[in-house]
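Engineer: Supplied structure: target-v9.csv, CSV, C-alpha atoms and all ligand atoms.
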chain,number,residue,atom,x,y,z
P,177,MET,CA,1.8,-24.6,-3.9
P,178,ASN,CA,0.1,-22.0,-1.7
P,179,ASN,CA,1.6,-18.6,-1.2
P,180,LYS,CA,3.2,-19.5,2.1
P,181,ASP,CA,5.0,-22.5,0.5
P,182,ILE,CA,6.2,-20.4,-2.4
P,183,PHE,CA,7.4,-17.7,0.1
P,184,PHE,CA,9.5,-20.3,1.9
P,185,LYS,CA,10.7,-22.2,-1.1
P,186,HIS,CA,11.6,-19.4,-3.5
P,187,LEU,CA,12.3,-16.3,-1.5
P,188,ALA,CA,15.6,-15.9,0.3
P,189,PRO,CA,15.0,-15.4,4.0
P,190,THR,CA,16.2,-12.8,6.4
P,191,SER,CA,15.2,-14.6,9.6
P,192,HIS,CA,13.5,-17.8,10.8
P,193,GLN,CA,10.6,-15.9,12.3
P,194,PRO,CA,9.1,-13.8,9.6
P,195,VAL,CA,5.8,-12.1,10.4
P,196,LEU,CA,4.0,-13.8,7.5
P,197,ILE,CA,1.0,-11.5,7.2
P,198,GLU,CA,-0.4,-12.5,3.7
P,199,VAL,CA,-1.2,-9.0,2.4
P,200,GLU,CA,-4.2,-8.5,0.2
P,201,SER,CA,-4.4,-4.7,0.3
P,202,ALA,CA,-3.6,-1.6,2.3
P,203,LYS,CA,-5.3,1.8,2.8
P,204,GLY,CA,-4.3,4.5,5.2
P,205,VAL,CA,-3.1,2.9,8.4
P,206,ILE,CA,-4.9,-0.4,7.7
P,207,ILE,CA,-3.3,-3.5,6.1
P,208,LYS,CA,-5.8,-6.2,5.1
P,209,ASP,CA,-4.7,-9.8,4.8
P,210,THR,CA,-6.1,-12.4,2.4
P,211,SER,CA,-8.5,-13.8,5.0
P,212,GLY,CA,-10.0,-10.3,5.4
P,213,LYS,CA,-8.4,-9.6,8.8
P,214,GLU,CA,-7.4,-6.0,9.3
P,215,TYR,CA,-4.4,-4.7,11.1
P,216,TYR,CA,-3.5,-1.2,12.3
P,217,ASP,CA,-0.1,-0.7,10.8
P,218,LEU,CA,1.7,1.2,13.6
P,219,ILE,CA,5.1,0.9,11.9
P,220,ALA,CA,4.3,2.1,8.3
P,221,GLY,CA,6.5,-0.6,6.7
P,222,ILE,CA,9.3,0.7,9.0
P,223,GLY,CA,8.9,4.4,8.6
P,224,VAL,CA,8.0,4.3,4.9
P,225,ALA,CA,4.3,4.9,4.4
P,226,THR,CA,4.6,8.5,5.6
P,227,VAL,CA,1.3,9.6,4.2
P,228,GLY,CA,-0.5,6.3,4.6
P,229,HIS,CA,-0.9,3.3,2.4
P,230,ASN,CA,-2.5,3.7,-1.0
P,231,ASN,CA,-2.7,7.5,-0.7
P,232,GLU,CA,-4.9,8.9,-3.4
P,233,GLN,CA,-2.9,12.0,-4.0
P,234,LEU,CA,0.3,10.0,-4.2
P,235,ASN,CA,-1.3,7.4,-6.5
P,236,LYS,CA,-2.4,10.2,-8.9
P,237,ALA,CA,1.1,11.7,-9.0
P,238,ILE,CA,2.6,8.3,-9.6
P,239,ILE,CA,0.2,7.3,-12.4
P,240,ALA,CA,0.5,10.8,-14.1
P,241,GLN,CA,4.3,10.3,-14.2
P,242,LEU,CA,4.0,6.7,-15.4
P,243,GLU,CA,1.8,7.9,-18.2
P,244,LYS,CA,4.5,10.5,-19.2
P,245,HIS,CA,7.5,8.2,-18.8
P,246,ALA,CA,9.3,5.9,-16.4
P,247,HIS,CA,13.0,5.2,-16.7
P,248,VAL,CA,14.5,6.8,-19.7
P,249,MET,CA,18.2,7.0,-18.7
P,250,VAL,CA,20.7,6.5,-16.0
P,251,TYR,CA,21.0,9.2,-13.3
P,252,GLY,CA,22.5,12.5,-14.2
P,253,GLU,CA,22.2,12.6,-18.0
P,254,TYR,CA,18.8,13.7,-19.2
P,255,ILE,CA,16.7,16.6,-17.9
P,256,GLN,CA,13.5,15.1,-16.4
P,257,SER,CA,11.0,17.5,-14.8
P,258,ALA,CA,9.9,14.9,-12.1
P,259,VAL,CA,13.5,14.7,-10.9
P,260,ASN,CA,14.0,18.5,-11.2
P,261,ASN,CA,10.8,19.2,-9.2
P,262,LEU,CA,11.9,17.0,-6.3
P,263,ALA,CA,15.3,18.6,-6.2
P,264,VAL,CA,13.8,22.1,-6.2
P,265,LYS,CA,11.3,21.1,-3.4
P,266,LEU,CA,14.1,19.7,-1.3
P,267,SER,CA,16.2,22.8,-1.8
P,268,GLN,CA,13.2,24.9,-0.7
P,269,LEU,CA,12.8,22.9,2.5
P,270,LEU,CA,16.5,22.8,3.3
P,271,PRO,CA,19.0,25.5,4.1
P,272,ASP,CA,21.2,27.0,1.4
P,273,GLN,CA,24.2,24.7,2.3
P,274,LEU,CA,22.0,21.7,1.4
P,275,SER,CA,20.8,22.7,-2.0
P,276,ASN,CA,22.1,20.0,-4.3
P,277,SER,CA,20.7,16.5,-4.3
P,278,TYR,CA,22.0,13.2,-5.6
P,279,PHE,CA,19.1,10.7,-5.9
P,280,VAL,CA,19.7,7.0,-5.2
P,281,ASN,CA,17.4,4.0,-4.4
P,282,SER,CA,17.7,3.3,-0.7
P,283,GLY,CA,19.0,4.4,2.7
P,284,THR,CA,22.2,2.3,2.5
P,285,GLU,CA,23.0,3.7,-0.9
P,286,ALA,CA,22.5,7.3,0.3
P,287,ASN,CA,25.0,6.7,3.1
P,288,GLU,CA,27.5,5.0,0.7
P,289,GLY,CA,27.3,8.2,-1.4
P,290,ALA,CA,27.7,10.5,1.7
P,291,VAL,CA,30.7,8.7,3.0
P,292,LYS,CA,32.4,8.7,-0.4
P,293,LEU,CA,31.6,12.4,-0.7
P,294,ALA,CA,33.1,13.2,2.7
P,295,LYS,CA,36.3,11.4,1.6
P,296,ARG,CA,36.3,13.3,-1.7
P,297,ILE,CA,35.8,16.7,-0.1
P,298,THR,CA,38.5,16.3,2.5
P,299,GLY,CA,40.9,13.9,0.9
P,300,ARG,CA,41.1,12.2,4.3
P,301,PRO,CA,41.1,8.5,5.1
P,302,LYS,CA,39.1,8.0,8.3
P,303,ILE,CA,35.4,7.9,9.3
P,304,ILE,CA,33.9,8.3,12.8
P,305,ALA,CA,30.6,6.6,13.5
P,306,PHE,CA,28.6,5.9,16.7
P,307,LYS,CA,28.1,2.9,18.9
P,308,LYS,CA,24.6,1.4,18.4
P,309,GLY,CA,24.3,3.4,15.1
P,310,TYR,CA,22.7,1.8,12.0
P,311,HIS,CA,23.3,3.0,8.5
P,312,GLY,CA,22.5,0.1,6.2
P,313,ASN,CA,23.6,-3.3,5.1
P,314,THR,CA,25.8,-2.9,2.0
P,315,GLN,CA,29.6,-3.2,2.7
P,316,GLY,CA,30.3,0.5,3.2
P,317,SER,CA,27.2,1.3,5.3
P,318,MET,CA,27.7,-1.8,7.3
P,319,SER,CA,31.3,-0.7,8.0
P,320,VAL,CA,30.0,2.4,9.7
P,321,SER,CA,27.1,0.6,11.5
P,322,SER,CA,28.0,-0.8,14.9
P,323,ASN,CA,26.5,-4.2,15.5
P,324,ASP,CA,29.7,-6.3,15.8
P,325,SER,CA,28.1,-9.8,15.8
P,326,LYS,CA,26.2,-9.0,12.6
P,327,LYS,CA,29.3,-7.7,10.9
P,328,GLN,CA,31.8,-10.4,11.9
P,329,PRO,CA,31.0,-12.9,9.1
P,330,TYR,CA,31.4,-10.3,6.5
P,331,ARG,CA,34.8,-8.9,7.4
P,332,PRO,CA,37.0,-7.4,6.2
P,333,LEU,CA,34.9,-4.3,5.8
P,334,ILE,CA,36.2,-0.8,5.0
P,335,PRO,CA,39.1,0.2,7.2
P,336,GLY,CA,39.7,3.4,9.1
P,337,VAL,CA,36.3,3.5,10.9
P,338,LYS,CA,36.2,4.3,14.6
P,339,PHE,CA,33.1,4.1,16.8
P,340,ILE,CA,32.6,6.6,19.6
P,341,ARG,CA,29.8,6.9,22.2
P,342,PHE,CA,26.6,8.8,21.4
P,343,ASN,CA,25.9,11.6,23.8
P,344,ASN,CA,29.5,11.5,25.1
P,345,LEU,CA,31.3,14.8,24.9
P,346,ASP,CA,34.7,13.3,25.9
P,347,ASP,CA,34.7,11.1,22.8
P,348,LEU,CA,34.5,14.1,20.4
P,349,LYS,CA,38.3,14.4,20.9
P,350,PHE,CA,38.7,11.5,18.5
P,351,ILE,CA,37.5,13.6,15.7
P,352,ASP,CA,40.7,15.1,14.3
P,353,GLU,CA,42.3,16.3,11.1
P,354,GLU,CA,42.5,12.8,9.7
P,355,VAL,CA,38.8,12.3,9.8
P,356,ALA,CA,36.9,12.8,6.6
P,357,GLY,CA,33.4,12.5,8.0
P,358,VAL,CA,31.4,11.8,11.1
P,359,ILE,CA,28.2,9.9,10.3
P,360,ILE,CA,25.4,10.0,12.9
P,361,GLU,CA,21.7,9.5,13.2
P,362,PRO,CA,20.5,12.7,15.0
P,363,VAL,CA,18.1,10.5,16.9
P,364,GLN,CA,19.3,6.9,16.9
P,365,GLY,CA,16.5,4.9,15.5
P,366,ASP,CA,17.4,1.2,15.6
P,367,ALA,CA,19.1,1.7,18.9
P,368,GLY,CA,15.6,2.3,20.3
P,369,VAL,CA,14.9,6.0,19.7
P,370,ILE,CA,17.9,7.5,21.6
P,371,ILE,CA,17.5,11.2,21.7
P,372,PRO,CA,20.7,13.4,22.0
P,373,ASN,CA,21.3,15.3,25.2
P,374,PRO,CA,20.9,19.0,24.9
P,375,GLY,CA,24.1,20.5,23.6
P,376,PHE,CA,25.6,17.2,22.3
P,377,LEU,CA,24.9,17.8,18.6
P,378,SER,CA,26.0,21.4,18.7
P,379,ALA,CA,29.3,20.4,20.4
P,380,LEU,CA,29.7,17.8,17.6
P,381,ARG,CA,29.0,20.4,15.0
P,382,GLU,CA,31.5,22.7,16.6
P,383,ARG,CA,34.2,20.0,16.7
P,384,CYS,CA,33.7,19.0,13.1
P,385,THR,CA,33.9,22.6,12.0
P,386,GLN,CA,37.0,23.1,14.0
P,387,VAL,CA,38.9,20.2,12.4
P,388,GLY,CA,37.4,20.5,9.0
P,389,THR,CA,35.5,17.2,9.1
P,390,GLN,CA,32.2,16.7,7.2
P,391,LEU,CA,29.2,16.2,9.5
P,392,ILE,CA,26.9,13.6,7.9
P,393,PHE,CA,23.4,13.4,9.3
P,394,ASP,CA,21.7,10.1,8.5
P,395,GLU,CA,18.0,11.2,8.4
P,396,VAL,CA,16.9,8.0,6.6
P,397,GLN,CA,14.6,7.3,9.6
P,398,THR,CA,14.2,10.7,11.2
P,399,GLY,CA,13.5,12.7,8.0
P,400,ILE,CA,10.3,13.7,6.3
P,401,GLY,CA,8.3,14.8,9.3
P,402,ARG,CA,8.9,11.7,11.5
P,403,THR,CA,10.1,13.7,14.5
P,404,GLY,CA,7.6,16.6,14.1
P,405,LYS,CA,9.8,18.7,11.9
P,406,MET,CA,10.6,18.1,8.3
P,407,PHE,CA,14.2,17.1,9.2
P,408,ALA,CA,15.4,16.2,12.7
P,409,PHE,CA,18.3,18.6,12.6
P,410,GLU,CA,15.8,21.4,12.8
P,411,HIS,CA,15.2,20.5,16.5
P,412,PHE,CA,18.9,21.1,17.4
P,413,GLY,CA,19.7,24.5,15.9
P,414,ILE,CA,22.6,23.1,13.7
P,415,ILE,CA,23.0,22.2,10.1
P,416,PRO,CA,25.0,19.2,8.9
P,417,ASP,CA,27.3,19.3,5.8
P,418,ILE,CA,25.7,16.3,4.2
P,419,ILE,CA,22.2,14.8,4.9
P,420,THR,CA,20.9,11.5,3.8
P,421,LEU,CA,17.3,10.5,3.2
P,422,ALA,CA,15.3,7.5,2.1
P,423,LYS,CA,12.5,5.4,3.7
P,424,GLY,CA,9.6,8.0,4.2
P,425,LEU,CA,10.8,10.1,1.3
P,426,GLY,CA,9.2,8.0,-1.4
P,427,GLY,CA,6.1,7.2,0.7
P,428,GLY,CA,6.2,3.6,-0.6
P,429,LEU,CA,8.4,3.8,-3.7
P,430,PRO,CA,12.1,3.2,-3.4
P,431,ILE,CA,14.2,6.4,-3.3
P,432,GLY,CA,17.0,7.8,-1.3
P,433,ALA,CA,19.1,10.9,-1.5
P,434,PHE,CA,22.4,12.4,-0.3
P,435,ILE,CA,22.4,16.1,-0.2
P,436,SER,CA,25.1,18.7,0.3
P,437,SER,CA,26.2,22.1,-1.1
P,438,TYR,CA,26.5,22.8,-4.8
P,439,ASP,CA,30.3,23.1,-4.5
P,440,ASN,CA,30.7,19.8,-2.7
P,441,MET,CA,28.6,17.9,-5.2
P,442,GLN,CA,30.6,19.2,-8.2
P,443,LEU,CA,33.5,17.1,-6.9
P,444,LEU,CA,31.8,13.9,-7.9
P,445,ALA,CA,32.0,14.9,-11.6
P,446,LYS,CA,35.7,15.4,-11.9
P,447,ASN,CA,39.1,13.9,-11.3
P,448,PRO,CA,37.9,11.2,-12.0
P,449,MET,CA,34.6,12.0,-13.6
P,450,LEU,CA,31.7,9.6,-12.9
P,451,GLY,CA,32.7,9.6,-9.2
P,452,HIS,CA,29.4,8.1,-8.2
P,453,ILE,CA,27.0,6.6,-10.7
P,454,THR,CA,23.7,4.7,-10.6
P,455,THR,CA,21.3,3.3,-13.2
P,456,PHE,CA,18.1,3.6,-11.2
P,457,GLY,CA,18.9,6.6,-9.0
P,458,GLY,CA,16.4,9.5,-9.6
P,459,ASN,CA,13.8,7.2,-11.1
P,460,PRO,CA,11.2,9.7,-12.3
P,461,VAL,CA,8.2,7.7,-10.9
P,462,ALA,CA,9.8,7.5,-7.5
P,463,CYS,CA,10.7,11.2,-7.7
P,464,ALA,CA,7.1,12.2,-8.5
P,465,SER,CA,6.0,10.2,-5.5
P,466,ALA,CA,8.6,11.8,-3.3
P,467,LYS,CA,7.7,15.3,-4.4
P,468,THR,CA,4.1,14.7,-3.5
P,469,VAL,CA,5.0,13.2,-0.1
P,470,LEU,CA,6.9,16.4,0.6
P,471,ASP,CA,3.9,18.5,-0.5
P,472,ILE,CA,1.6,16.7,1.8
P,473,VAL,CA,3.9,16.5,4.8
P,474,SER,CA,4.9,20.2,4.6
P,475,GLU,CA,1.2,21.2,5.0
P,476,PRO,CA,1.2,23.0,8.3
P,477,ALA,CA,-2.0,21.2,9.5
P,478,LEU,CA,-0.3,17.8,9.2
P,479,MET,CA,3.1,18.9,10.5
P,480,SER,CA,1.8,20.7,13.6
P,481,ASN,CA,-0.3,17.7,14.6
P,482,ILE,CA,2.6,15.2,14.6
P,483,GLU,CA,3.8,16.2,18.1
P,484,VAL,CA,0.1,16.3,19.3
P,485,LYS,CA,-0.4,12.7,18.0
P,486,GLY,CA,2.8,11.6,19.6
P,487,GLN,CA,1.7,12.9,23.0
P,488,LEU,CA,-1.6,11.0,22.6
P,489,PHE,CA,0.4,7.8,22.3
P,490,ASP,CA,2.4,8.7,25.4
P,491,GLN,CA,-0.9,9.3,27.3
P,492,LEU,CA,-2.8,6.3,26.0
P,493,LEU,CA,0.1,3.8,26.5
P,494,ALA,CA,0.7,4.5,30.2
P,495,HIS,CA,0.5,1.1,31.8
P,496,PRO,CA,2.4,-0.7,34.6
P,497,GLU,CA,4.0,-3.0,32.0
P,498,VAL,CA,5.5,0.0,30.2
P,499,LYS,CA,8.7,0.9,31.9
P,500,ASN,CA,9.6,3.8,29.7
P,501,ILE,CA,8.6,5.6,26.5
P,502,ARG,CA,11.3,7.3,24.4
P,503,ARG,CA,9.7,9.5,21.8
P,504,ILE,CA,10.2,12.3,19.4
P,505,GLY,CA,7.3,13.2,17.2
P,506,LEU,CA,5.8,10.0,15.9
P,507,MET,CA,8.9,7.9,16.5
P,508,LEU,CA,8.5,5.9,19.6
P,509,ALA,CA,10.3,3.2,21.6
P,510,ILE,CA,8.1,1.5,24.1
P,511,GLU,CA,10.3,-0.2,26.7
P,512,LEU,CA,9.0,-3.3,28.5
P,513,GLU,CA,10.5,-5.4,31.3
P,514,ASN,CA,12.6,-7.6,29.0
P,515,GLU,CA,13.0,-9.2,25.6
P,516,GLU,CA,10.5,-12.0,26.4
P,517,MET,CA,7.8,-9.4,27.2
P,518,VAL,CA,8.5,-7.6,23.9
P,519,ASN,CA,8.3,-10.8,21.9
P,520,LYS,CA,5.0,-11.7,23.6
P,521,ALA,CA,3.6,-8.2,23.1
P,522,ILE,CA,4.4,-8.2,19.4
P,523,LYS,CA,2.8,-11.6,18.9
P,524,LEU,CA,-0.3,-10.8,20.9
P,525,ALA,CA,-0.7,-7.5,19.2
P,526,LEU,CA,-0.6,-9.2,15.8
P,527,ASP,CA,-3.2,-11.7,17.0
P,528,GLU,CA,-5.4,-8.7,18.0
P,529,GLY,CA,-4.8,-6.8,14.7
P,530,VAL,CA,-2.1,-4.3,15.6
P,531,ILE,CA,1.4,-4.3,14.0
P,532,ILE,CA,4.2,-3.2,16.2
P,533,TYR,CA,7.8,-4.4,15.7
P,534,TRP,CA,11.3,-5.0,17.0
P,535,PHE,CA,14.3,-2.7,16.9
P,536,LEU,CA,17.5,-4.0,15.4
P,537,SER,CA,19.7,-3.5,18.4
P,538,THR,CA,17.5,-3.0,21.4
P,539,ARG,CA,15.7,-6.1,22.7
P,540,ASN,CA,13.6,-4.7,25.6
P,541,ALA,CA,11.6,-2.3,23.5
P,542,PHE,CA,9.3,-2.3,20.5
P,543,ARG,CA,8.8,0.4,17.9
P,544,ILE,CA,5.9,2.5,16.9
P,545,SER,CA,6.3,4.8,13.8
P,546,PRO,CA,2.8,5.0,12.2
P,547,PRO,CA,1.9,6.9,9.0
P,548,LEU,CA,2.0,10.6,9.9
P,549,THR,CA,-1.6,10.8,8.6
P,550,ILE,CA,-2.9,8.5,11.3
P,551,THR,CA,-6.0,10.0,13.0
P,552,LYS,CA,-6.5,10.6,16.7
P,553,GLU,CA,-9.4,8.1,16.6
P,554,GLU,CA,-7.1,5.5,15.0
P,555,ILE,CA,-4.5,6.1,17.7
P,556,ARG,CA,-7.2,5.7,20.4
P,557,ARG,CA,-8.5,2.4,18.9
P,558,SER,CA,-5.0,0.9,18.3
P,559,CYS,CA,-3.8,1.9,21.8
P,560,GLU,CA,-6.9,0.3,23.4
P,561,ILE,CA,-5.9,-2.9,21.8
P,562,LEU,CA,-2.3,-2.5,23.0
P,563,ILE,CA,-3.5,-1.9,26.5
P,564,LYS,CA,-5.4,-5.2,26.3
P,565,VAL,CA,-2.2,-6.8,25.1
P,566,PHE,CA,-0.2,-5.3,28.0
P,567,ASN,CA,-2.9,-6.7,30.4
P,568,LYS,CA,-2.2,-10.2,29.0
P,569,ILE,CA,1.6,-10.4,28.7
P,570,GLN,CA,2.2,-11.6,32.3
P,571,LEU,CA,-0.2,-14.5,31.8
P,572,PRO,CA,1.3,-17.9,30.9
P,573,ASP,CA,1.0,-18.8,27.1
V,1,LIG,N1,19.9,4.6,8.0
V,1,LIG,C1,19.0,4.5,9.0
V,1,LIG,C2,19.0,5.5,10.1
V,1,LIG,C3,18.1,3.5,8.9
V,1,LIG,O1,17.1,3.3,9.9
V,1,LIG,C4,18.1,2.6,7.8
V,1,LIG,C5,17.1,1.4,7.7
V,1,LIG,N2,16.6,0.9,8.9
V,1,LIG,C6,19.1,2.7,6.9
V,1,LIG,C7,20.0,3.7,7.0
V,1,LIG,C8,19.2,1.8,5.7
V,1,LIG,O2,18.2,2.0,4.8
V,1,LIG,P1,17.8,0.9,3.7
V,1,LIG,O3,17.2,-0.2,4.4
V,1,LIG,O4,16.8,1.6,2.8
V,1,LIG,O5,19.1,0.6,3.0
Please, can you express the file's structure as structure tokens?
Structural biologist:
Amino acid sequence: MNNKDIFFKHLAPTSHQPVLIEVESAKGVIIKDTSGKEYYDLIAGIGVATVGHNNEQLNKAIIAQLEKHAHVMVYGEYIQSAVNNLAVKLSQLLPDQLSNSYFVNSGTEANEGAVKLAKRITGRPKIIAFKKGYHGNTQGSMSVSSNDSKKQPYRPLIPGVKFIRFNNLDDLKFIDEEVAGVIIEPVQGDAGVIIPNPGFLSALRERCTQVGTQLIFDEVQTGIGRTGKMFAFEHFGIIPDIITLAKGLGGGLPIGAFISSYDNMQLLAKNPMLGHITTFGGNPVACASAKTVLDIVSEPALMSNIEVKGQLFDQLLAHPEVKNIRRIGLMLAIELENEEMVNKAIKLALDEGVIIYWFLSTRNAFRISPPLTITKEEIRRSCEILIKVFNKIQLPD
């Protein structure tokens, strides 16, 4: 059996149209397939390869930790310097209210932990989430994600969740004294890079403070430099009570985190103790990788260039087929006429050696979220190819 046959026979599918690049290796922004064809990876494995594929500094940190030790115990029992170092680094990058980290393995798990924590802090039953929001695919995170058709077959999900409109100040009145937490992506990612109106997030912060509700920022997609700041909340002059991270944090190894104040986090250890437990959370190899990602991304030269590189995409992708570009930092939604054009663009781009990709709940746009280390020259070359693609999408197949 060849690799493709094995893939179809032995791996459970997620869709009937997988991309099927047969990967041989990856370096920087390039993924090479087994036939030797090279692709510009403009999606970084969906916002994961923050510092590029096969990054030498990251590899060194990972190997050095592996040579010391990998998993030795479940989360929260032994003192491991790789885990400590990551927690310290995060606390240095975050404000004092967000100084205590709980490490998990993925974005959805981070959000599970955050929602549980909000309930624990407040003793309240309800959660508010946002229309078009996406927070993950396990039962709890799916319950606070908004795509009804995708959720329907898995009901009943967790009760007491209400969805309100992003960017709608009127809906903030639904946040009341029964609400434990509000979970929001500060920039909605899978809705197609929806940026909050000026004042919306500060009004949300104010309302949560007023009624004693925990404000949870899901920065799984927006965190770790993606928007041009280390965390997206820094753009908006407010601080959430709980923040969740994953995706780009590990730079390619699986790790997530939910982070809050020291006092809040103590609650997970008492009445009952073991309020949130995980075997693999805080895996030391993943932590060593994440600490190095943070070291690289917090370099001023890299961080200050994220916005500049984002603007270069804006300029170079101007084309009559492009109806709109929504962008913050290196997180872009490129809107075309309709879904059919998006499907065609993604396919033609793949043929030409550029990887762009769909959003989960916006059909008339595709995403670009490259490694933050992409060079201006690589942006120029990949955009040249995309312009060729846009020139072709009106032609019959
Ligand atoms: N939150 C956001 C904002 C996300 O974009 C995603 C993944 N697309 C998740 C949570 C879930 O992360 P994971 O797939 O690692 O569970």
Engineer: Of the residues P:Gly432, P:Gly424, P:Pro460, P:Pro476, which is the one nearest to Val224 (chain P), using all atoms listed in the file?
Structural biologist: P:Gly424
Engineer: So which residues are near ligand LIG 1 (chain V), meaning at most 9 Å away with only C-alpha atoms and all ligand atoms counted, given back as JSON, numbers by chain?
Structural biologist: {"P": [222, 223, 281, 282, 283, 284, 285, 286, 287, 309, 310, 311, 312, 313, 314, 317, 321, 360, 361, 362, 363, 364, 365, 366, 394, 395, 396, 397, 398, 420, 421, 422, 423, 430, 431, 432, 536]}
Engineer: What's the 12 Å shell around Lys499 (chain P), counting all atoms listed in the file, without same-chain residues fewer than 5 positions away, as a PyMOL selection string?
Structural biologist: chain P and resi 490+493-494+509-514+517-518+540-542+566
Engineer: Which one of P:Ile418, P:Ala240, P:Ile544, P:Val199 sits closest to Gly212 (chain P) if you count only C-alpha atoms?
Structural biologist: P:Val199
Engineer: Given the point (12.3, 5.9, 25.0) in the file's coordinates, find the residues that have an atom at most 7 Å from it, counting all atoms listed in the file, and give them as a PDB file with C-alpha atoms, in the frame of the given file.
Structural biologist:
ATOM      1  CA  GLY P 368      15.600   2.300  20.300  1.00  0.00           C
ATOM      2  CA  VAL P 369      14.900   6.000  19.700  1.00  0.00           C
ATOM      3  CA  ILE P 370      17.900   7.500  21.600  1.00  0.00           C
ATOM      4  CA  ASN P 500       9.600   3.800  29.700  1.00  0.00           C
ATOM      5  CA  ILE P 501       8.600   5.600  26.500  1.00  0.00           C
ATOM      6  CA  ARG P 502      11.300   7.300  24.400  1.00  0.00           C
ATOM      7  CA  ARG P 503       9.700   9.500  21.800  1.00  0.00           C
ATOM      8  CA  LEU P 508       8.500   5.900  19.600  1.00  0.00           C
ATOM      9  CA  ALA P 509      10.300   3.200  21.600  1.00  0.00           C
ATOM     10  CA  ILE P 510       8.100   1.500  24.100  1.00  0.00           C
ATOM     11  CA  GLU P 511      10.300  -0.200  26.700  1.00  0.00           C
TER      12      GLU P 511
END
Engineer: Given only C-alpha atoms as the basis, pick out the residue of P:Ala379, P:Met177, P:Leu262, P:Ile569 nearest to Glu515 (chain P).
Structural biologist: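 Closest candidate: P:Ile569.
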Engineer: Quick one: residues within 8 Å of Ala237 (chain P), all atoms listed in the file, excluding same-chain residues fewer than 6 positions away - as a ChimeraX atom specification?
Structural biologist: /P:464-465,468
Engineer: Could region 192-203 of chain P be completed with N, CA and C atoms and returned as a compact mmCIF listing (two decimals), in the coordinates of the input?
Structural biologist:
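File written: result.txt
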# COMPACT_ATOMS: atom_id res chain seq x y z
N HIS P 192 14.37 -16.57 10.70
CA HIS P 192 13.50 -17.80 10.80
C HIS P 192 12.20 -17.48 11.44
N GLN P 193 11.94 -16.19 11.73
CA GLN P 193 10.60 -15.90 12.30
C GLN P 193 9.97 -14.72 11.57
N PRO P 194 9.75 -14.89 10.26
CA PRO P 194 9.10 -13.80 9.60
C PRO P 194 7.64 -13.61 10.05
N VAL P 195 7.11 -12.42 9.88
CA VAL P 195 5.80 -12.10 10.40
C VAL P 195 4.67 -12.80 9.65
N LEU P 196 4.84 -12.96 8.36
CA LEU P 196 4.00 -13.80 7.50
C LEU P 196 2.51 -13.29 7.40
N ILE P 197 2.28 -12.01 7.54
CA ILE P 197 1.00 -11.50 7.20
C ILE P 197 0.85 -11.67 5.65
N GLU P 198 -0.21 -12.31 5.18
CA GLU P 198 -0.40 -12.50 3.70
C GLU P 198 -1.21 -11.30 3.23
N VAL P 199 -0.55 -10.34 2.63
CA VAL P 199 -1.20 -9.00 2.40
C VAL P 199 -2.10 -9.11 1.15
N GLU P 200 -3.30 -8.59 1.35
CA GLU P 200 -4.20 -8.50 0.20
C GLU P 200 -4.25 -7.02 -0.28
N SER P 201 -4.36 -6.09 0.66
CA SER P 201 -4.40 -4.70 0.30
C SER P 201 -4.10 -3.81 1.47
N ALA P 202 -3.92 -2.54 1.22
CA ALA P 202 -3.60 -1.60 2.30
C ALA P 202 -4.20 -0.26 1.99
N LYS P 203 -4.70 0.42 3.02
CA LYS P 203 -5.30 1.80 2.80
C LYS P 203 -5.12 2.55 4.09
